[in-house]
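Trainee: This is my_file_34.cif (mmCIF, C-alpha atoms).
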data_target
loop_
_atom_site.group_PDB
_atom_site.id
_atom_site.type_symbol
_atom_site.label_atom_id
_atom_site.label_comp_id
_atom_site.auth_asym_id
_atom_site.auth_seq_id
_atom_site.Cartn_x
_atom_site.Cartn_y
_atom_site.Cartn_z
ATOM 1 C CA MET A 1 76.503 113.539 109.289
ATOM 2 C CA LYS A 2 77.620 117.037 110.197
ATOM 3 C CA PRO A 3 79.363 118.974 107.413
ATOM 4 C CA ASP A 4 82.507 119.381 109.538
ATOM 5 C CA ALA A 5 82.578 115.620 110.185
ATOM 6 C CA PHE A 6 82.668 114.971 106.448
ATOM 7 C CA ALA A 7 85.446 117.547 106.038
ATOM 8 C CA ARG A 8 87.466 115.800 108.767
ATOM 9 C CA LEU A 9 86.879 112.440 107.091
ATOM 10 C CA GLN A 10 87.984 113.844 103.729
ATOM 11 C CA ALA A 11 91.104 115.404 105.308
ATOM 12 C CA ALA A 12 91.995 112.093 106.999
ATOM 13 C CA TYR A 13 91.610 110.282 103.686
ATOM 14 C CA GLU A 14 93.864 112.757 101.921
ATOM 15 C CA GLN A 15 96.480 112.991 104.706
ATOM 16 C CA ARG A 16 96.865 109.462 106.010
ATOM 17 C CA LEU A 17 100.055 109.877 108.006
ATOM 18 C CA PRO A 18 99.686 110.958 111.635
ATOM 19 C CA ALA A 19 100.618 114.318 113.069
ATOM 20 C CA PRO A 20 103.620 114.180 115.417
ATOM 21 C CA GLU A 21 101.383 114.806 118.444
ATOM 22 C CA ALA A 22 99.415 111.614 117.720
ATOM 23 C CA GLY A 23 101.699 109.587 120.012
ATOM 24 C CA VAL A 24 103.385 106.341 119.050
ATOM 25 C CA CYS A 25 102.069 105.153 115.701
ATOM 26 C CA VAL A 26 103.097 101.800 114.254
ATOM 27 C CA GLY A 27 102.661 101.374 110.528
ATOM 28 C CA GLY A 28 101.248 98.175 109.109
ATOM 29 C CA VAL A 29 101.113 97.122 105.477
ATOM 30 C CA GLY A 30 98.033 95.270 104.265
ATOM 31 C CA ASN A 31 95.141 93.948 106.276
ATOM 32 C CA THR A 32 96.790 90.999 108.015
ATOM 33 C CA VAL A 33 98.951 92.870 110.522
ATOM 34 C CA PRO A 34 97.548 92.092 114.004
ATOM 35 C CA VAL A 35 96.502 95.617 114.982
ATOM 36 C CA GLU A 36 95.257 94.320 118.336
ATOM 37 C CA LEU A 37 98.857 93.695 119.387
ATOM 38 C CA ILE A 38 99.706 97.279 118.546
ATOM 39 C CA THR A 39 96.753 98.956 120.231
ATOM 40 C CA VAL A 40 96.926 96.887 123.419
ATOM 41 C CA CYS A 41 100.375 98.374 124.067
ATOM 42 C CA GLY A 42 99.056 101.903 123.732
ATOM 43 C CA ALA A 43 100.228 102.604 120.187
ATOM 44 C CA ARG A 44 98.083 103.666 117.288
ATOM 45 C CA ALA A 45 97.940 101.167 114.429
ATOM 46 C CA LEU A 46 98.258 103.002 111.138
ATOM 47 C CA ARG A 47 97.429 101.070 107.991
ATOM 48 C CA ILE A 48 99.833 102.049 105.237
ATOM 49 C CA ALA A 49 97.655 102.169 102.130
ATOM 50 C CA PRO A 50 98.636 104.904 99.677
ATOM 51 C CA VAL A 51 96.013 105.784 97.118
ATOM 52 C CA GLU A 52 98.035 108.023 94.840
ATOM 53 C CA GLY A 53 101.521 109.214 94.140
ATOM 54 C CA SER A 54 104.486 108.497 91.965
ATOM 55 C CA THR A 55 106.220 105.147 91.812
ATOM 56 C CA ALA A 56 109.330 106.692 90.211
ATOM 57 C CA ALA A 57 111.502 105.994 93.259
ATOM 58 C CA ALA A 58 110.519 102.326 92.976
ATOM 59 C CA ASP A 59 111.089 101.904 89.249
ATOM 60 C CA ARG A 60 114.678 100.603 89.470
ATOM 61 C CA HIS A 61 114.161 98.595 92.653
ATOM 62 C CA VAL A 62 110.754 96.921 92.585
ATOM 63 C CA GLU A 63 109.569 94.679 89.773
ATOM 64 C CA ALA A 64 107.379 96.552 87.317
ATOM 65 C CA PHE A 65 104.635 93.919 87.552
ATOM 66 C CA SER A 66 104.381 94.264 91.350
ATOM 67 C CA ASP A 67 101.174 95.612 92.813
ATOM 68 C CA ARG A 68 100.919 99.377 92.597
ATOM 69 C CA ASP A 69 100.426 99.535 96.389
ATOM 70 C CA ALA A 70 103.791 97.870 96.961
ATOM 71 C CA ARG A 71 105.493 100.228 94.522
ATOM 72 C CA LEU A 72 103.878 103.282 96.155
ATOM 73 C CA ILE A 73 104.869 102.098 99.630
ATOM 74 C CA PHE A 74 108.466 101.480 98.534
ATOM 75 C CA ALA A 75 108.678 104.935 96.926
ATOM 76 C CA ALA A 76 107.221 106.641 100.005
ATOM 77 C CA PHE A 77 109.597 104.695 102.273
ATOM 78 C CA VAL A 78 112.759 105.692 100.420
ATOM 79 C CA GLU A 79 111.497 109.283 100.086
ATOM 80 C CA GLY A 80 111.226 109.459 103.891
ATOM 81 C CA ARG A 81 107.465 109.816 104.197
ATOM 82 C CA TYR A 82 107.303 107.142 106.912
ATOM 83 C CA ASP A 83 110.313 108.404 108.878
ATOM 84 C CA ALA A 84 108.149 109.576 111.798
ATOM 85 C CA LEU A 85 107.048 105.990 112.431
ATOM 86 C CA PRO A 86 109.235 104.004 114.817
ATOM 87 C CA LEU A 87 108.194 100.664 113.296
ATOM 88 C CA LEU A 88 106.784 99.429 109.995
ATOM 89 C CA VAL A 89 105.240 95.955 110.100
ATOM 90 C CA VAL A 90 105.060 94.035 106.831
ATOM 91 C CA PRO A 91 103.244 90.692 106.861
ATOM 92 C CA ARG A 92 104.370 87.680 104.916
ATOM 93 C CA SER A 93 100.773 86.917 104.061
ATOM 94 C CA SER A 94 101.317 87.294 100.329
ATOM 95 C CA GLU A 95 104.158 87.150 97.861
ATOM 96 C CA THR A 96 103.709 90.866 97.130
ATOM 97 C CA TRP A 97 104.196 91.907 100.757
ATOM 98 C CA HIS A 98 107.111 89.541 101.268
ATOM 99 C CA LYS A 99 108.885 90.942 98.205
ATOM 100 C CA LEU A 100 108.154 94.465 99.428
ATOM 101 C CA TYR A 101 109.782 93.663 102.774
ATOM 102 C CA LEU A 102 112.854 92.281 101.007
ATOM 103 C CA ALA A 103 113.028 95.362 98.754
ATOM 104 C CA LEU A 104 112.808 97.691 101.773
ATOM 105 C CA ARG A 105 115.622 95.823 103.501
ATOM 106 C CA GLU A 106 117.689 95.944 100.323
ATOM 107 C CA ALA A 107 117.126 99.706 100.104
ATOM 108 C CA ARG A 108 118.656 99.967 103.583
ATOM 109 C CA ARG A 109 121.502 97.570 102.823
ATOM 110 C CA THR A 110 122.559 99.427 99.693
ATOM 111 C CA GLY A 111 122.265 102.877 101.265
ATOM 112 C CA LEU A 112 119.343 103.960 99.097
ATOM 113 C CA LYS A 113 117.529 104.601 102.387
ATOM 114 C CA THR A 114 119.016 105.504 105.738
ATOM 115 C CA GLY A 115 117.015 106.111 108.875
ATOM 116 C CA GLY A 116 113.282 105.778 109.033
ATOM 117 C CA PRO A 117 111.240 103.136 110.809
ATOM 118 C CA ALA A 118 112.558 99.798 111.924
ATOM 119 C CA LEU A 119 111.233 97.030 109.689
ATOM 120 C CA TRP A 120 109.416 94.002 111.066
ATOM 121 C CA LEU A 121 108.446 90.970 109.013
ATOM 122 C CA HIS A 122 105.365 89.460 110.593
ATOM 123 C CA ASP A 123 106.079 85.959 109.422
ATOM 124 C CA VAL A 124 103.311 83.546 110.373
ATOM 125 C CA PRO A 125 103.401 80.355 108.287
ATOM 126 C CA HIS A 126 100.018 79.148 107.114
ATOM 127 C CA THR A 127 100.652 75.434 107.439
ATOM 128 C CA GLN A 128 99.225 72.855 109.809
ATOM 129 C CA ARG A 129 102.501 71.670 111.337
ATOM 130 C CA ASP A 130 103.117 72.134 115.047
ATOM 131 C CA SER A 131 106.549 73.609 114.282
ATOM 132 C CA SER A 132 104.892 76.268 112.104
ATOM 133 C CA ARG A 133 102.390 77.018 114.843
ATOM 134 C CA GLN A 134 105.139 77.408 117.437
ATOM 135 C CA TYR A 135 107.182 79.625 115.106
ATOM 136 C CA GLY A 136 104.148 81.818 114.335
ATOM 137 C CA LEU A 137 103.328 82.196 118.019
ATOM 138 C CA ALA A 138 106.933 83.109 118.803
ATOM 139 C CA ARG A 139 107.002 85.780 116.066
ATOM 140 C CA THR A 140 103.683 87.150 117.322
ATOM 141 C CA ARG A 141 105.002 87.372 120.889
ATOM 142 C CA GLU A 142 108.161 89.062 119.584
ATOM 143 C CA LEU A 143 106.053 91.680 117.793
ATOM 144 C CA LEU A 144 104.070 92.278 120.972
ATOM 145 C CA ASP A 145 107.322 92.705 122.911
ATOM 146 C CA GLN A 146 108.706 95.060 120.250
ATOM 147 C CA VAL A 147 105.669 97.351 120.400
ATOM 148 C CA SER A 148 105.607 97.191 124.189
ATOM 149 C CA ARG A 149 109.228 98.387 124.288
ATOM 150 C CA LEU A 150 108.323 101.294 121.975
ATOM 151 C CA THR A 151 105.468 102.486 124.163
ATOM 152 C CA GLY A 152 106.754 101.411 127.570
ATOM 153 C CA ARG A 153 103.372 99.790 128.163
ATOM 154 C CA PRO A 154 103.280 96.041 128.753
ATOM 155 C CA PRO A 155 100.312 94.166 127.346
ATOM 156 C CA ASP A 156 97.552 93.029 129.647
ATOM 157 C CA GLU A 157 95.578 89.876 128.854
ATOM 158 C CA THR A 158 92.219 91.452 129.659
ATOM 159 C CA ALA A 159 93.042 94.481 127.505
ATOM 160 C CA LEU A 160 94.192 92.183 124.692
ATOM 161 C CA ARG A 161 90.916 90.273 124.777
ATOM 162 C CA GLN A 162 89.075 93.604 124.606
ATOM 163 C CA ALA A 163 91.254 94.820 121.718
ATOM 164 C CA ILE A 164 90.470 91.601 119.816
ATOM 165 C CA SER A 165 86.764 92.022 120.518
ATOM 166 C CA ASP A 166 86.856 95.661 119.396
ATOM 167 C CA SER A 167 88.740 94.773 116.226
ATOM 168 C CA ASN A 168 86.316 91.973 115.417
ATOM 169 C CA ALA A 169 83.383 94.358 115.917
ATOM 170 C CA VAL A 170 84.890 96.796 113.431
#
Starting from the file, lay out its structure as structure tokens.
Mentor:
Amino acid sequence: MKPDAFARLQAAYEQRLPAPEAGVCVGGVGNTVPVELITVCGARALRIAPVEGSTAAADRHVEAFSDRDARLIFAAFVEGRYDALPLLVVPRSSETWHKLYLALREARRTGLKTGGPALWLHDVPHTQRDSSRQYGLARTRELLDQVSRLTGRPPDETALRQAISDSNAV
């Protein structure tokens, strides 16, 4: 690896948020946000995964026993560090992420946070019922539509299949 490549990798690790010229970036919490739906519409999927920082802004609003990641994300959200993102997708794949989503919405409702990215709960039930399947598909299509509206680029089935293949290869 070239020395400058390592320096770029280190800089990207330390500064995880995109520069304004990076185009439309959609934030996603955790590893269950369908990044393929984001990239197929021409946006950059940005995994929100803070590695350090203060949770002080979360102390009164997020349960102390919550995962540190959730507390760091909440603090960064209310401090405005994600304000350049048009959309922040939070999955309901775990109790931690669901509670984080509710806390972020409450921060907006109470005026603790104004502005910043729109919040999206990617709610896909993990049950075997047909009604759950239909609901999950509808929410997935709604997310795809939401990102498409942000970028002005409609999804293409061939491109989506390629995005899924690329993501699976990674």
Trainee: Please determine, counting only C-alpha atoms, which residue among A:Pro50, A:Pro91, A:Gly111, A:Gly136 has the shortest atom-to-atom distance to Val33 in chain A.
Mentor: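 Smallest separation from Val33 in chain A among the options: A:Pro91.
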Trainee: Which is closer to Arg108 in chain A than all the others in A:Leu144, A:Ala138, A:Ala163, A:Val78, using only C-alpha atoms?
Mentor: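 Nearest candidate to Arg108 in chain A out of A:Leu144, A:Ala138, A:Ala163, A:Val78: A:Val78.
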Trainee: Measuring between all atoms listed in the file, which one of A:Asp166, A:Asp130, A:Asp69, A:Asp83 shows the shortest distance to Leu100 in chain A?
Mentor: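 Of A:Asp166, A:Asp130, A:Asp69, A:Asp83, the one nearest Leu100 in chain A is A:Asp69, counting all atoms listed in the file.
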Trainee: Apply the PyMOL selection byres ((chain A and resi 124) around 9) to the structure shown and report the selected residues as a PyMOL selection string.
Mentor: chain A and resi 91-93+122-123+125-126+132-133+135-137+139-140
Trainee: Name the closest residue to Leu85 in chain A among the candidates A:Ala118, A:Val51, A:Ala103, A:Leu143; distances are taken between atoms, counting all atoms listed in the file.
Mentor: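 Among A:Ala118, A:Val51, A:Ala103, A:Leu143, it is A:Ala118 that comes nearest to Leu85 in chain A.
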Trainee: My list of candidates is A:Leu17, A:Ser94, A:Ala12, A:Phe65. Which is closest to Arg81 in chain A when distances are computed with only C-alpha atoms?
Mentor: A:Leu17
Trainee: To verify the selection step, state as a ChimeraX atom specification which residues the PyMOL selection byres ((chain A and resi 68) around 10) yields on this input.
Mentor: /A:50-55,64-67,69-74
Trainee: I'd like to know which of A:Asn31, A:Cys25, A:Ile38, A:Leu102 is closest to Glu63 in chain A, using all atoms listed in the file.
Mentor: A:Leu102
Trainee: Pick out the residues sitting within 9 Å of Gly80 in chain A, and hand them over as an MDAnalysis selection string; count only C-alpha atoms, and ignore anything fewer than 5 positions along from it in its own chain.
Mentor: chainID A and resid 75 113:116
Trainee: Tell me which residues the PyMOL selection byres ((chain A and resi 153) around 12) grabs here, as a ChimeraX atom specification.
Mentor: /A:24,37-43,144-152,154-156,159
Trainee: If I take CA of Gly23 in chain A and CA of Val35 in chain A, how far is one from the other in Å, to one decimal?
Mentor: 15.7 Å
Trainee: What is the CA of Gln134 in chain A-CA of Leu87 in chain A distance in Å, reported with one decimal?
Mentor: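 Between these atoms lies a distance of 23.8 Å.
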Trainee: Excluding Ile48 in chain A and residues on its chain fewer than 6 positions from it, collect all residues at most 8 Å away from it, counting only C-alpha atoms, and give them as a list in words.
Mentor: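 Everything that qualifies: Gly27, Gly28, Val29, Gly30 and Ile73 of chain A.
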Trainee: Can you work out the spacing between CA of Ala5 in chain A and CA of Ala45 in chain A in Å, to one decimal?
Mentor: 21.5 Å
